[in-house]
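Q: Take this structure, written in structure tokens, and hold onto it; I'll ask about it next.
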Amino acid sequence: MDPARYFKHPASDGQRHYEMLRASFLERLPARIVADRFKTTPGNVHVVRHRFLKGKLTFFPSTATPEARRGTPADVRARIVTMRREHPLSAGQIVDILDEEGVELSIRTVERILREANLPKLPRRSRLLIGETRARTTVPETSCRLAADELAALSVSSEVAGVFLFIPFLEQLGLPTHFPRLGLPGSRPIPALQYFLSFLALKLAGSERLSHTNDHNFDAGLGLFAGLNVLPKCTAMSTYSYSLDRSVVHRLQSAVSSAGHRLGLYTSDTINLDFHAVPHWGEQSVLDKNWVGTRGKGIKSALTVFAQDCSSKLIIYTQADLRRREADEQVNEFVDFWKKIAKSVSATLVFDSRFTNYRQLARLDKRDVRFITLRRRGSSLIRRAEALPAAAWTRVTIDHPKRKFRHPLVHESHVRLPGYPRPIRQIIMRGNGHEKPTFLITNDDETPIEVIVSRYARRWNIENGIAEAVKFFNLNALSSPILVKVHFDVVITMIADTLYYLLARKLRGFEECNAPKIFRHFIRGKGLITVGKDEIVVRFPKRAHNPVLRAIDWTQLPQRVSWLGNRRLRFEWQ
């Protein structure tokens with residue numbers, strides 16, 4: 001034997017570990033150098049160091065026989081077998097329990113003992129099945145559709161029991177009956193209609209984000225509204241839109257607009273249109289930069305289009321699956337959509353100067369669609385308007401009693417615009433609260449000038465409508481840069497806004513109230529829901545505004561809930 005070779009090239013594990021530690025701690029060599037010297041990896045060097053510092057490394061094993069060295073006391077072996085048979089504990093969990101009792105065993109030893117006892121390995125399980133959830137945490141039920149036998153004799157409560165007040169209006173719109181042909185995605189536990197009603201319930205309850213659906217994990221009443229035991233969890237709601245496409249969302253919106261037109265909800269001779277940029281703050285956002293007036297700059301956002309019936313202030317059309325380069329064409333896209341719904345476009349379209357360009361205005365004129373918009377004014381236009389003599393101006397009255405500046409001065413003429421084929425009617429307005437004159441242009445040559453000015457003055461209705469959607473329906477709570485997901489959320493907002501409008505029309509004294517006030521007085525609050533054989537009874541506790549709800553003639557509205565066994569819905573107030 002060569003003594004020098006013996007120490008330079010250790011043969012046994014104990015000697016190798018000894019020499020590695022000696023090189024590490026005495027010679028202070030880095031792990032990489034030590035690993036190269038002893039033909040191992042730096043990671044193994046670190047493991048040996050760690051085990052040595054913890055006192056778990058033995059350099060010179062005892063001379064006991066292998067059977068005696070690996071033997072485990074009989075009582076410990078029996079306890080390991082008992083723990084596996086009585087409780088489905090993994091080898092790692094058994095080691096942890098024994099360690100707390102002062103018995104140190106490795107996982108491999110426990111696995112060997114279980115194998116010798118003919119106990120097979122446990123199948124792979126989730127953290128929930130293993131029981132590794134946080135202490136004192138109640139795990140909510142898995143969401144699934146309620147079967148017919150589960151509905152019978154069901155009694156649940158809800159913190160937002162007022163959402164059941166929207167069911168008659170939802171049936172009045174006829175949306176549940178349209179679902180088989182809409183093609184919305186679903187699953188076996190949660191069909192398409194139940195998914196849609198879950199999203200709608202969150203909107204009606206004013207939830208800010210889909211992640212906040214966990215606030216309703218134990219609200220069985222809100223789940224019953226959707227035909228489920230409880231609402232789906234955050235992951236199920238967030239990933240649902242992965243199966244959506246543009247045509248599906250378009251069919252859903254068409255069904256809502258068609259129902260509103262059939263019920264006569266859209267009665268105005270004016271339709272307001274406007275853009276709204278839904279901001280996105282993701283670090284890797286792929287969205288375009290769009291102008292946001294409230295911030296005075298362009299930011300990464302999802303550009304959305306809204307069309308509003310001026311009288312009812314209802315949103316009748318939305319579009320969010322578009323890029324910035326497609327913005328100018330949206331006015332004619334809306335005309336195509338509305339012709340399919342109403343068979344014609346008899347109302348006047350009102351929008352601001354940024355909504356489209358003169359070439360698209362020419363297309364509207366060619367299609368006999370009336371419009372009112374602003375002309376993009378420059379310094380030369382303003383100078384010519386201010387140079388007009390006093391006799392050229394006429395004072396008109398705007399038919400809006402709450403308007404502060406009701407008697408502006410106007411000057412009417414016909415001008416030519418680049419890209420527009422014929423002279424167009426122009427109305428210059430002063431004394432309307434703005435420092436500089438306002439230039440209105442319209443292809444309507446017959447309507448009196450007072451009506452034209454009054455119609456444009458009501459364009460602020462859509463600004464207020466969008467502001468309400470941002471405040472209560474959390475329109476700006478964008479959680480994804482995928483435009484079709486944004487469009488789906490906007491359509492759900494449109495449906496929720498329509499339902500709040502239909503309910504408000506039935507509330508005497510609250511007909512003109514907005515969604516936040518209706519929610520605060522009538523929707524938010526506890527209630528008990530009892531399901532019988534042919535009836536669903538919703539009982540509301542004593543509240544100040546119960547007499548207003550009691551005064552509604554609910555018998556004049558649909559009383560059957562089609563997705564809950566066609567049971568009759570009845571309300572009771574204490």
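Following the order of the structure tokens, chains are lettered A, B, ..., residues in each are numbered from 1, and ligands are numbered from 1.
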I'd like the neighbourhood of Asp497 of chain A as number ranges by chain, where a residue qualifies if any of its atoms comes within 10 Å (using only C-alpha atoms), though same-chain residues fewer than 4 positions away should be ignored.
A: A: 203-204, 313-315, 465, 468-469, 472-473, 491-493, 501-502, 514-515
Q: Which value, in Å to one decimal, gives the distance between atom CA of Val160 of chain A and atom CA of Lys526 of chain A?
A: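 Distance between the two atoms: 5.9 Å.
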Q: Enumerate, as a ChimeraX atom specification, the complete set of residues in segment 33-101 of chain A that a backbone-based DSSP assignment places in alpha helix (DSSP H).
A: /A:33-37,42-53,66-69,74-86,91-100
Q: Enumerate as a PyMOL selection string all residues of segment 233-407 of chain A assigned to strand (DSSP E or B) by DSSP on the backbone, naming them with the chain letters and numbers the document uses.
A: chain A and resi 270-279+289-292+297-309+315-319+348-350+371-374+394-395
Q: Could you build a table of the residues in segment 297-332 of chain A lying no more than 12 Å from segment 251-261 of chain A, giving for each the nearest pair of atoms and their separation in Å rounded to one decimal place, using only C-alpha atoms, ordered by chain and ascending residue number, as CSV?
A:
residue,atom,partner,partner_atom,distance
A:Ala307,CA,A:Ser257,CA,11.1
A:Gln308,CA,A:Ser257,CA,11.2
A:Asp309,CA,A:His261,CA,10.7
A:Ser312,CA,A:Gly260,CA,11.0
A:Leu314,CA,A:Gly260,CA,9.4
A:Ile315,CA,A:Ser257,CA,8.9
A:Ile316,CA,A:Ser257,CA,5.8
A:Tyr317,CA,A:Ser257,CA,7.3
A:Thr318,CA,A:Gln253,CA,8.0
A:Gln319,CA,A:Gln253,CA,9.6
A:Ala320,CA,A:Gln253,CA,12.0
Q: Mind writing the picked residues with C-alpha atoms as a short mmCIF file (atom, residue, chain, number, x, y, z; two decimals), in the first residue's frame?
A:
data_model
loop_
_atom_site.label_atom_id
_atom_site.label_comp_id
_atom_site.auth_asym_id
_atom_site.auth_seq_id
_atom_site.Cartn_x
_atom_site.Cartn_y
_atom_site.Cartn_z
CA ALA A 307 -73.48 53.53 -27.23
CA GLN A 308 -76.21 54.92 -24.98
CA ASP A 309 -79.92 55.52 -25.43
CA SER A 312 -83.27 55.83 -20.62
CA LEU A 314 -79.11 52.57 -20.94
CA ILE A 315 -76.04 51.17 -22.64
CA ILE A 316 -77.24 49.53 -25.85
CA TYR A 317 -73.92 48.54 -27.41
CA THR A 318 -70.35 47.91 -26.31
CA GLN A 319 -67.15 46.89 -28.03
CA ALA A 320 -63.83 46.25 -26.33
#
Q: List as a VMD selection string the protein and nucleic acid residues near Asp215 of chain A, meaning an atom at most 10 Å away when only C-alpha atoms are counted, but skip any in the same chain fewer than 6 places from it.
A: chain A and resid 207 233 to 234
Q: To one decimal in Å, tell me the separation between atom CA of Asn357 of chain A and atom CA of Gly433 of chain A.
A: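 These atoms are spaced 26.1 Å apart.
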Q: Quick one: residues within 12 Å of segment 560-567 of chain A, only C-alpha atoms counted, chain neighbours fewer than 4 positions away excluded, as a CSV table (one decimal) with all heavy atoms, in the first residue's frame?
A:
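Written out: out31.csv:
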chain,number,residue,atom,x,y,z
A,145,ARG,N,-73.6,22.3,-9.7
A,145,ARG,CA,-75.0,22.6,-9.9
A,145,ARG,C,-75.9,21.8,-9.0
A,145,ARG,O,-75.6,20.6,-8.7
A,145,ARG,CB,-75.4,22.2,-11.4
A,145,ARG,CG,-76.8,22.6,-11.7
A,145,ARG,CD,-77.2,22.3,-13.2
A,145,ARG,NE,-78.5,22.7,-13.5
A,145,ARG,CZ,-79.1,22.5,-14.7
A,145,ARG,NH1,-78.3,21.9,-15.7
A,145,ARG,NH2,-80.3,22.9,-15.0
A,146,LEU,N,-76.9,22.4,-8.4
A,146,LEU,CA,-77.8,21.8,-7.5
A,146,LEU,C,-78.8,20.9,-8.3
A,146,LEU,O,-79.4,21.3,-9.2
A,146,LEU,CB,-78.6,22.8,-6.7
A,146,LEU,CG,-77.8,23.7,-5.7
A,146,LEU,CD1,-78.7,24.8,-5.2
A,146,LEU,CD2,-77.3,22.8,-4.6
A,147,ALA,N,-78.9,19.6,-7.9
A,147,ALA,CA,-79.8,18.7,-8.5
A,147,ALA,C,-81.2,18.9,-7.9
A,147,ALA,O,-81.4,19.6,-7.0
A,147,ALA,CB,-79.3,17.2,-8.2
A,148,ALA,N,-82.2,18.3,-8.6
A,148,ALA,CA,-83.6,18.5,-8.2
A,148,ALA,C,-83.8,18.1,-6.8
A,148,ALA,O,-84.5,18.8,-6.0
A,148,ALA,CB,-84.5,17.7,-9.2
A,149,ASP,N,-83.3,16.9,-6.4
A,149,ASP,CA,-83.5,16.5,-5.0
A,149,ASP,C,-82.8,17.3,-4.0
A,149,ASP,O,-83.2,17.4,-2.8
A,149,ASP,CB,-83.1,15.0,-4.9
A,149,ASP,CG,-81.6,14.8,-5.2
A,149,ASP,OD1,-81.1,15.7,-6.0
A,149,ASP,OD2,-81.0,13.8,-4.8
A,150,GLU,N,-81.7,18.0,-4.4
A,150,GLU,CA,-81.0,18.9,-3.4
A,150,GLU,C,-81.7,20.2,-3.2
A,150,GLU,O,-81.6,20.9,-2.2
A,150,GLU,CB,-79.6,19.2,-4.0
A,150,GLU,CG,-78.7,18.0,-4.0
A,150,GLU,CD,-77.3,18.3,-4.6
A,150,GLU,OE1,-77.3,18.8,-5.7
A,150,GLU,OE2,-76.3,18.0,-3.9
A,151,LEU,N,-82.5,20.6,-4.2
A,151,LEU,CA,-83.3,21.9,-4.1
A,151,LEU,C,-84.5,21.7,-3.1
A,151,LEU,O,-84.8,22.7,-2.5
A,151,LEU,CB,-83.8,22.3,-5.5
A,151,LEU,CG,-82.8,22.9,-6.4
A,151,LEU,CD1,-83.4,23.1,-7.8
A,151,LEU,CD2,-82.3,24.3,-5.9
A,152,ALA,N,-85.1,20.5,-3.1
A,152,ALA,CA,-86.3,20.3,-2.3
A,152,ALA,C,-85.9,20.5,-0.8
A,152,ALA,O,-84.9,20.0,-0.3
A,152,ALA,CB,-86.8,18.9,-2.5
A,154,LEU,N,-84.7,23.0,0.7
A,154,LEU,CA,-83.5,23.7,1.0
A,154,LEU,C,-83.7,25.1,1.6
A,154,LEU,O,-84.6,25.8,1.2
A,154,LEU,CB,-82.7,23.9,-0.4
A,154,LEU,CG,-81.3,24.6,-0.3
A,154,LEU,CD1,-80.3,23.7,0.5
A,154,LEU,CD2,-80.8,24.9,-1.7
A,164,PHE,N,-82.1,38.5,-5.6
A,164,PHE,CA,-83.3,37.7,-6.1
A,164,PHE,C,-84.3,38.6,-6.6
A,164,PHE,O,-85.2,38.2,-7.4
A,164,PHE,CB,-83.8,36.9,-4.9
A,164,PHE,CG,-83.0,35.6,-4.6
A,164,PHE,CD1,-81.9,35.7,-3.9
A,164,PHE,CD2,-83.4,34.4,-5.2
A,164,PHE,CE1,-81.1,34.6,-3.6
A,164,PHE,CE2,-82.6,33.3,-5.0
A,164,PHE,CZ,-81.5,33.3,-4.2
A,165,LEU,N,-84.3,39.9,-6.3
A,165,LEU,CA,-85.3,40.9,-6.8
A,165,LEU,C,-85.1,41.1,-8.3
A,165,LEU,O,-86.0,41.5,-9.1
A,165,LEU,CB,-85.1,42.2,-6.2
A,165,LEU,CG,-85.4,42.3,-4.6
A,165,LEU,CD1,-85.1,43.6,-4.1
A,165,LEU,CD2,-86.9,41.9,-4.4
A,166,PHE,N,-83.9,40.7,-8.9
A,166,PHE,CA,-83.6,40.9,-10.3
A,166,PHE,C,-84.1,39.7,-11.1
A,166,PHE,O,-84.1,39.8,-12.4
A,166,PHE,CB,-82.1,41.1,-10.5
A,166,PHE,CG,-81.5,42.3,-9.9
A,166,PHE,CD1,-80.7,42.3,-8.8
A,166,PHE,CD2,-81.8,43.6,-10.5
A,166,PHE,CE1,-80.2,43.4,-8.3
A,166,PHE,CE2,-81.3,44.7,-10.0
A,166,PHE,CZ,-80.5,44.7,-8.9
A,167,ILE,N,-84.5,38.6,-10.5
A,167,ILE,CA,-84.8,37.4,-11.2
A,167,ILE,C,-86.0,37.6,-12.1
A,167,ILE,O,-86.0,37.2,-13.3
A,167,ILE,CB,-85.1,36.2,-10.3
A,167,ILE,CG1,-83.7,35.8,-9.7
A,167,ILE,CG2,-85.8,35.1,-11.0
A,167,ILE,CD1,-83.8,34.6,-8.7
A,168,PRO,N,-87.1,38.3,-11.7
A,168,PRO,CA,-88.3,38.5,-12.6
A,168,PRO,C,-87.8,39.4,-13.8
A,168,PRO,O,-88.3,39.1,-14.9
A,168,PRO,CB,-89.3,39.3,-11.7
A,168,PRO,CG,-88.9,38.9,-10.3
A,168,PRO,CD,-87.5,38.7,-10.3
A,169,PHE,N,-87.0,40.3,-13.7
A,169,PHE,CA,-86.5,41.1,-14.8
A,169,PHE,C,-85.6,40.4,-15.7
A,169,PHE,O,-85.6,40.6,-16.9
A,169,PHE,CB,-85.9,42.4,-14.3
A,169,PHE,CG,-86.7,43.2,-13.3
A,169,PHE,CD1,-86.5,43.2,-12.0
A,169,PHE,CD2,-87.8,43.9,-13.8
A,169,PHE,CE1,-87.3,43.9,-11.1
A,169,PHE,CE2,-88.6,44.6,-12.9
A,169,PHE,CZ,-88.4,44.6,-11.6
A,170,LEU,N,-84.8,39.5,-15.1
A,170,LEU,CA,-83.9,38.6,-16.0
A,170,LEU,C,-84.8,37.7,-16.8
A,170,LEU,O,-84.5,37.5,-18.0
A,170,LEU,CB,-83.0,37.8,-15.0
A,170,LEU,CG,-81.8,37.1,-15.7
A,170,LEU,CD1,-80.9,38.1,-16.4
A,170,LEU,CD2,-81.0,36.4,-14.6
A,171,GLU,N,-85.9,37.2,-16.2
A,171,GLU,CA,-86.8,36.3,-17.0
A,171,GLU,C,-87.5,37.2,-18.0
A,171,GLU,O,-87.9,36.7,-19.1
A,171,GLU,CB,-87.8,35.6,-16.1
A,171,GLU,CG,-87.1,34.6,-15.2
A,171,GLU,CD,-86.8,33.3,-15.9
A,171,GLU,OE1,-86.9,33.2,-17.2
A,171,GLU,OE2,-86.3,32.4,-15.2
A,172,GLN,N,-87.8,38.4,-17.7
A,172,GLN,CA,-88.5,39.3,-18.6
A,172,GLN,C,-87.6,39.6,-19.9
A,172,GLN,O,-88.2,39.7,-21.0
A,172,GLN,CB,-88.8,40.6,-17.9
A,172,GLN,CG,-89.8,41.6,-18.7
A,172,GLN,CD,-90.1,42.8,-17.9
A,172,GLN,OE1,-89.3,43.3,-17.2
A,172,GLN,NE2,-91.3,43.3,-18.0
A,174,GLY,N,-85.7,37.5,-21.0
A,174,GLY,CA,-85.6,36.2,-21.8
A,174,GLY,C,-84.3,35.6,-22.0
A,174,GLY,O,-84.1,34.7,-22.8
A,175,LEU,N,-83.3,36.1,-21.2
A,175,LEU,CA,-81.9,35.6,-21.4
A,175,LEU,C,-81.7,34.1,-21.1
A,175,LEU,O,-81.1,33.4,-21.9
A,175,LEU,CB,-80.9,36.4,-20.6
A,175,LEU,CG,-80.7,37.9,-21.0
A,175,LEU,CD1,-79.7,38.5,-20.1
A,175,LEU,CD2,-80.2,37.9,-22.5
A,176,PRO,N,-82.3,33.6,-20.0
A,176,PRO,CA,-82.1,32.1,-19.8
A,176,PRO,C,-82.6,31.2,-20.9
A,176,PRO,O,-82.0,30.2,-21.2
A,176,PRO,CB,-83.0,31.9,-18.5
A,176,PRO,CG,-83.0,33.2,-17.8
A,176,PRO,CD,-83.0,34.2,-18.9
A,177,THR,N,-83.7,31.6,-21.6
A,177,THR,CA,-84.2,30.8,-22.7
A,177,THR,C,-83.3,30.9,-23.9
A,177,THR,O,-83.4,30.0,-24.8
A,177,THR,CB,-85.6,31.3,-23.1
A,177,THR,OG1,-85.6,32.6,-23.5
A,177,THR,CG2,-86.6,31.1,-21.9
A,178,HIS,N,-82.5,31.9,-24.0
A,178,HIS,CA,-81.6,32.1,-25.2
A,178,HIS,C,-80.3,31.3,-25.1
A,178,HIS,O,-79.6,31.2,-26.1
A,178,HIS,CB,-81.3,33.6,-25.4
A,178,HIS,CG,-82.4,34.4,-25.9
A,178,HIS,ND1,-83.1,34.1,-27.1
A,178,HIS,CD2,-83.0,35.5,-25.4
A,178,HIS,CE1,-84.1,35.0,-27.2
A,178,HIS,NE2,-84.1,35.8,-26.2
A,179,PHE,N,-80.0,30.8,-23.9
A,179,PHE,CA,-78.7,30.3,-23.7
A,179,PHE,C,-78.3,29.1,-24.6
A,179,PHE,O,-77.2,28.9,-25.0
A,179,PHE,CB,-78.5,29.9,-22.2
A,179,PHE,CG,-77.6,30.9,-21.6
A,179,PHE,CD1,-78.0,32.2,-21.2
A,179,PHE,CD2,-76.2,30.7,-21.4
A,179,PHE,CE1,-77.2,33.1,-20.7
A,179,PHE,CE2,-75.4,31.6,-20.8
A,179,PHE,CZ,-75.9,32.8,-20.4
A,191,PRO,N,-72.7,24.3,-15.7
A,191,PRO,CA,-73.1,24.5,-17.1
A,191,PRO,C,-73.0,26.0,-17.4
A,191,PRO,O,-72.7,26.9,-16.5
A,191,PRO,CB,-74.6,24.1,-17.1
A,191,PRO,CG,-74.7,23.2,-15.9
A,191,PRO,CD,-73.8,23.7,-14.9
A,192,ALA,N,-73.2,26.3,-18.7
A,192,ALA,CA,-72.9,27.7,-19.2
A,192,ALA,C,-73.8,28.7,-18.5
A,192,ALA,O,-73.4,29.8,-18.1
A,192,ALA,CB,-73.1,27.7,-20.7
A,193,LEU,N,-75.1,28.4,-18.3
A,193,LEU,CA,-76.0,29.3,-17.7
A,193,LEU,C,-75.6,29.6,-16.3
A,193,LEU,O,-75.7,30.8,-15.8
A,193,LEU,CB,-77.5,28.8,-17.8
A,193,LEU,CG,-78.5,29.6,-17.1
A,193,LEU,CD1,-78.6,31.0,-17.7
A,193,LEU,CD2,-79.9,28.9,-17.1
A,194,GLN,N,-75.2,28.6,-15.6
A,194,GLN,CA,-74.8,28.8,-14.2
A,194,GLN,C,-73.5,29.7,-14.1
A,194,GLN,O,-73.3,30.5,-13.2
A,194,GLN,CB,-74.6,27.5,-13.5
A,194,GLN,CG,-75.8,26.9,-12.9
A,194,GLN,CD,-76.9,26.6,-14.0
A,194,GLN,OE1,-76.5,26.0,-15.0
A,194,GLN,NE2,-78.1,26.9,-13.7
A,196,PHE,N,-72.7,32.0,-16.3
A,196,PHE,CA,-73.1,33.4,-16.6
A,196,PHE,C,-73.8,34.0,-15.4
A,196,PHE,O,-73.5,35.2,-15.1
A,196,PHE,CB,-74.1,33.3,-17.8
A,196,PHE,CG,-74.9,34.6,-18.0
A,196,PHE,CD1,-74.4,35.7,-18.5
A,196,PHE,CD2,-76.3,34.6,-17.6
A,196,PHE,CE1,-75.1,36.9,-18.6
A,196,PHE,CE2,-77.0,35.7,-17.7
A,196,PHE,CZ,-76.5,36.9,-18.3
A,197,LEU,N,-74.7,33.3,-14.7
A,197,LEU,CA,-75.4,33.8,-13.6
A,197,LEU,C,-74.4,34.1,-12.4
A,197,LEU,O,-74.6,35.0,-11.6
A,197,LEU,CB,-76.5,32.9,-13.1
A,197,LEU,CG,-77.6,32.7,-14.1
A,197,LEU,CD1,-78.5,31.6,-13.6
A,197,LEU,CD2,-78.4,34.0,-14.2
A,223,GLY,N,-75.1,31.5,-4.1
A,223,GLY,CA,-74.9,30.4,-5.0
A,223,GLY,C,-76.2,29.9,-5.5
A,223,GLY,O,-76.3,29.5,-6.7
A,224,LEU,N,-77.3,29.9,-4.7
A,224,LEU,CA,-78.6,29.5,-5.2
A,224,LEU,C,-79.1,30.3,-6.3
A,224,LEU,O,-79.8,29.9,-7.2
A,224,LEU,CB,-79.6,29.5,-4.0
A,224,LEU,CG,-81.0,29.1,-4.3
A,224,LEU,CD1,-81.1,27.6,-4.8
A,224,LEU,CD2,-81.9,29.2,-3.0
A,225,PHE,N,-78.9,31.6,-6.2
A,225,PHE,CA,-79.3,32.5,-7.3
A,225,PHE,C,-78.8,32.0,-8.7
A,225,PHE,O,-79.4,32.2,-9.7
A,225,PHE,CB,-78.7,33.9,-7.0
A,225,PHE,CG,-78.9,34.9,-8.2
A,225,PHE,CD1,-80.1,35.6,-8.3
A,225,PHE,CD2,-77.9,35.1,-9.1
A,225,PHE,CE1,-80.3,36.5,-9.4
A,225,PHE,CE2,-78.0,36.0,-10.1
A,225,PHE,CZ,-79.2,36.7,-10.3
A,226,ALA,N,-77.6,31.5,-8.7
A,226,ALA,CA,-77.0,30.9,-9.9
A,226,ALA,C,-77.3,29.5,-10.1
A,226,ALA,O,-76.8,28.9,-11.1
A,226,ALA,CB,-75.5,31.1,-9.9
A,227,GLY,N,-78.1,28.9,-9.3
A,227,GLY,CA,-78.4,27.4,-9.4
A,227,GLY,C,-77.3,26.5,-8.9
A,227,GLY,O,-77.2,25.4,-9.3
A,228,LEU,N,-76.4,27.0,-8.1
A,228,LEU,CA,-75.3,26.3,-7.5
A,228,LEU,C,-75.4,26.2,-6.0
A,228,LEU,O,-76.1,26.9,-5.4
A,228,LEU,CB,-74.0,26.9,-8.0
A,228,LEU,CG,-73.7,27.2,-9.5
A,228,LEU,CD1,-72.5,28.1,-9.7
A,228,LEU,CD2,-73.6,25.8,-10.2
A,530,THR,N,-86.0,30.0,1.2
A,530,THR,CA,-86.5,28.7,1.4
A,530,THR,C,-87.1,28.1,0.1
A,530,THR,O,-87.9,28.8,-0.5
A,530,THR,CB,-87.6,28.7,2.5
A,530,THR,OG1,-87.0,29.3,3.7
A,530,THR,CG2,-88.0,27.3,2.8
A,531,VAL,N,-86.6,26.9,-0.2
A,531,VAL,CA,-87.1,26.3,-1.5
A,531,VAL,C,-88.0,25.2,-1.1
A,531,VAL,O,-87.7,24.3,-0.3
A,531,VAL,CB,-85.9,25.7,-2.3
A,531,VAL,CG1,-86.4,25.1,-3.6
A,531,VAL,CG2,-84.9,26.8,-2.6
A,532,GLY,N,-89.3,25.3,-1.7
A,532,GLY,CA,-90.2,24.2,-1.5
A,532,GLY,C,-90.4,23.4,-2.7
A,532,GLY,O,-89.6,23.4,-3.6
A,533,LYS,N,-91.5,22.6,-2.7
A,533,LYS,CA,-91.7,21.7,-3.8
A,533,LYS,C,-92.0,22.5,-5.1
A,533,LYS,O,-91.5,22.1,-6.2
A,533,LYS,CB,-92.9,20.8,-3.5
A,533,LYS,CG,-93.2,19.8,-4.6
A,533,LYS,CD,-94.3,18.8,-4.2
A,533,LYS,CE,-94.6,17.8,-5.3
A,533,LYS,NZ,-95.7,16.9,-5.0
A,534,ASP,N,-92.7,23.6,-5.0
A,534,ASP,CA,-93.0,24.3,-6.2
A,534,ASP,C,-92.9,25.8,-6.0
A,534,ASP,O,-93.5,26.6,-6.7
A,534,ASP,CB,-94.5,24.0,-6.7
A,534,ASP,CG,-94.8,24.6,-8.1
A,534,ASP,OD1,-94.0,24.3,-9.0
A,534,ASP,OD2,-95.8,25.3,-8.2
A,535,GLU,N,-92.1,26.2,-5.0
A,535,GLU,CA,-92.1,27.6,-4.6
A,535,GLU,C,-90.7,28.0,-4.0
A,535,GLU,O,-90.1,27.1,-3.3
A,535,GLU,CB,-93.2,27.9,-3.6
A,535,GLU,CG,-93.4,29.4,-3.4
A,535,GLU,CD,-94.5,29.6,-2.4
A,535,GLU,OE1,-94.6,29.0,-1.3
A,535,GLU,OE2,-95.4,30.5,-2.7
A,536,ILE,N,-90.3,29.2,-4.3
A,536,ILE,CA,-89.1,29.7,-3.7
A,536,ILE,C,-89.5,31.0,-2.9
A,536,ILE,O,-90.0,31.9,-3.5
A,536,ILE,CB,-88.0,30.1,-4.7
A,536,ILE,CG1,-87.5,28.8,-5.4
A,536,ILE,CG2,-86.8,30.7,-4.0
A,536,ILE,CD1,-86.6,29.1,-6.6
A,537,VAL,N,-89.3,31.0,-1.6
A,537,VAL,CA,-89.7,32.1,-0.8
A,537,VAL,C,-88.5,32.9,-0.3
A,537,VAL,O,-87.6,32.3,0.3
A,537,VAL,CB,-90.6,31.7,0.4
A,537,VAL,CG1,-91.0,32.9,1.2
A,537,VAL,CG2,-91.8,30.9,-0.1
A,554,TRP,N,-95.8,42.5,-8.0
A,554,TRP,CA,-94.9,41.5,-8.6
A,554,TRP,C,-95.6,40.5,-9.4
A,554,TRP,O,-95.0,39.8,-10.2
A,554,TRP,CB,-94.2,40.7,-7.4
A,554,TRP,CG,-93.3,41.6,-6.6
A,554,TRP,CD1,-93.5,42.3,-5.5
A,554,TRP,CD2,-91.9,42.0,-7.0
A,554,TRP,NE1,-92.4,43.0,-5.0
A,554,TRP,CE2,-91.5,42.9,-6.0
A,554,TRP,CE3,-91.1,41.7,-8.1
A,554,TRP,CZ2,-90.2,43.4,-6.0
A,554,TRP,CZ3,-89.8,42.3,-8.1
A,554,TRP,CH2,-89.4,43.1,-7.1
A,555,THR,N,-97.0,40.4,-9.3
A,555,THR,CA,-97.7,39.5,-10.1
A,555,THR,C,-97.8,39.9,-11.6
A,555,THR,O,-98.1,39.0,-12.4
A,555,THR,CB,-99.2,39.4,-9.6
A,555,THR,OG1,-99.8,40.7,-9.7
A,555,THR,CG2,-99.2,38.9,-8.1
A,556,GLN,N,-97.4,41.1,-11.9
A,556,GLN,CA,-97.4,41.6,-13.3
A,556,GLN,C,-96.1,41.2,-14.0
A,556,GLN,O,-95.9,41.5,-15.2
A,556,GLN,CB,-97.6,43.1,-13.3
A,556,GLN,CG,-99.0,43.5,-12.8
A,556,GLN,CD,-100.1,42.9,-13.6
A,556,GLN,OE1,-100.1,42.9,-14.8
A,556,GLN,NE2,-101.1,42.4,-12.8
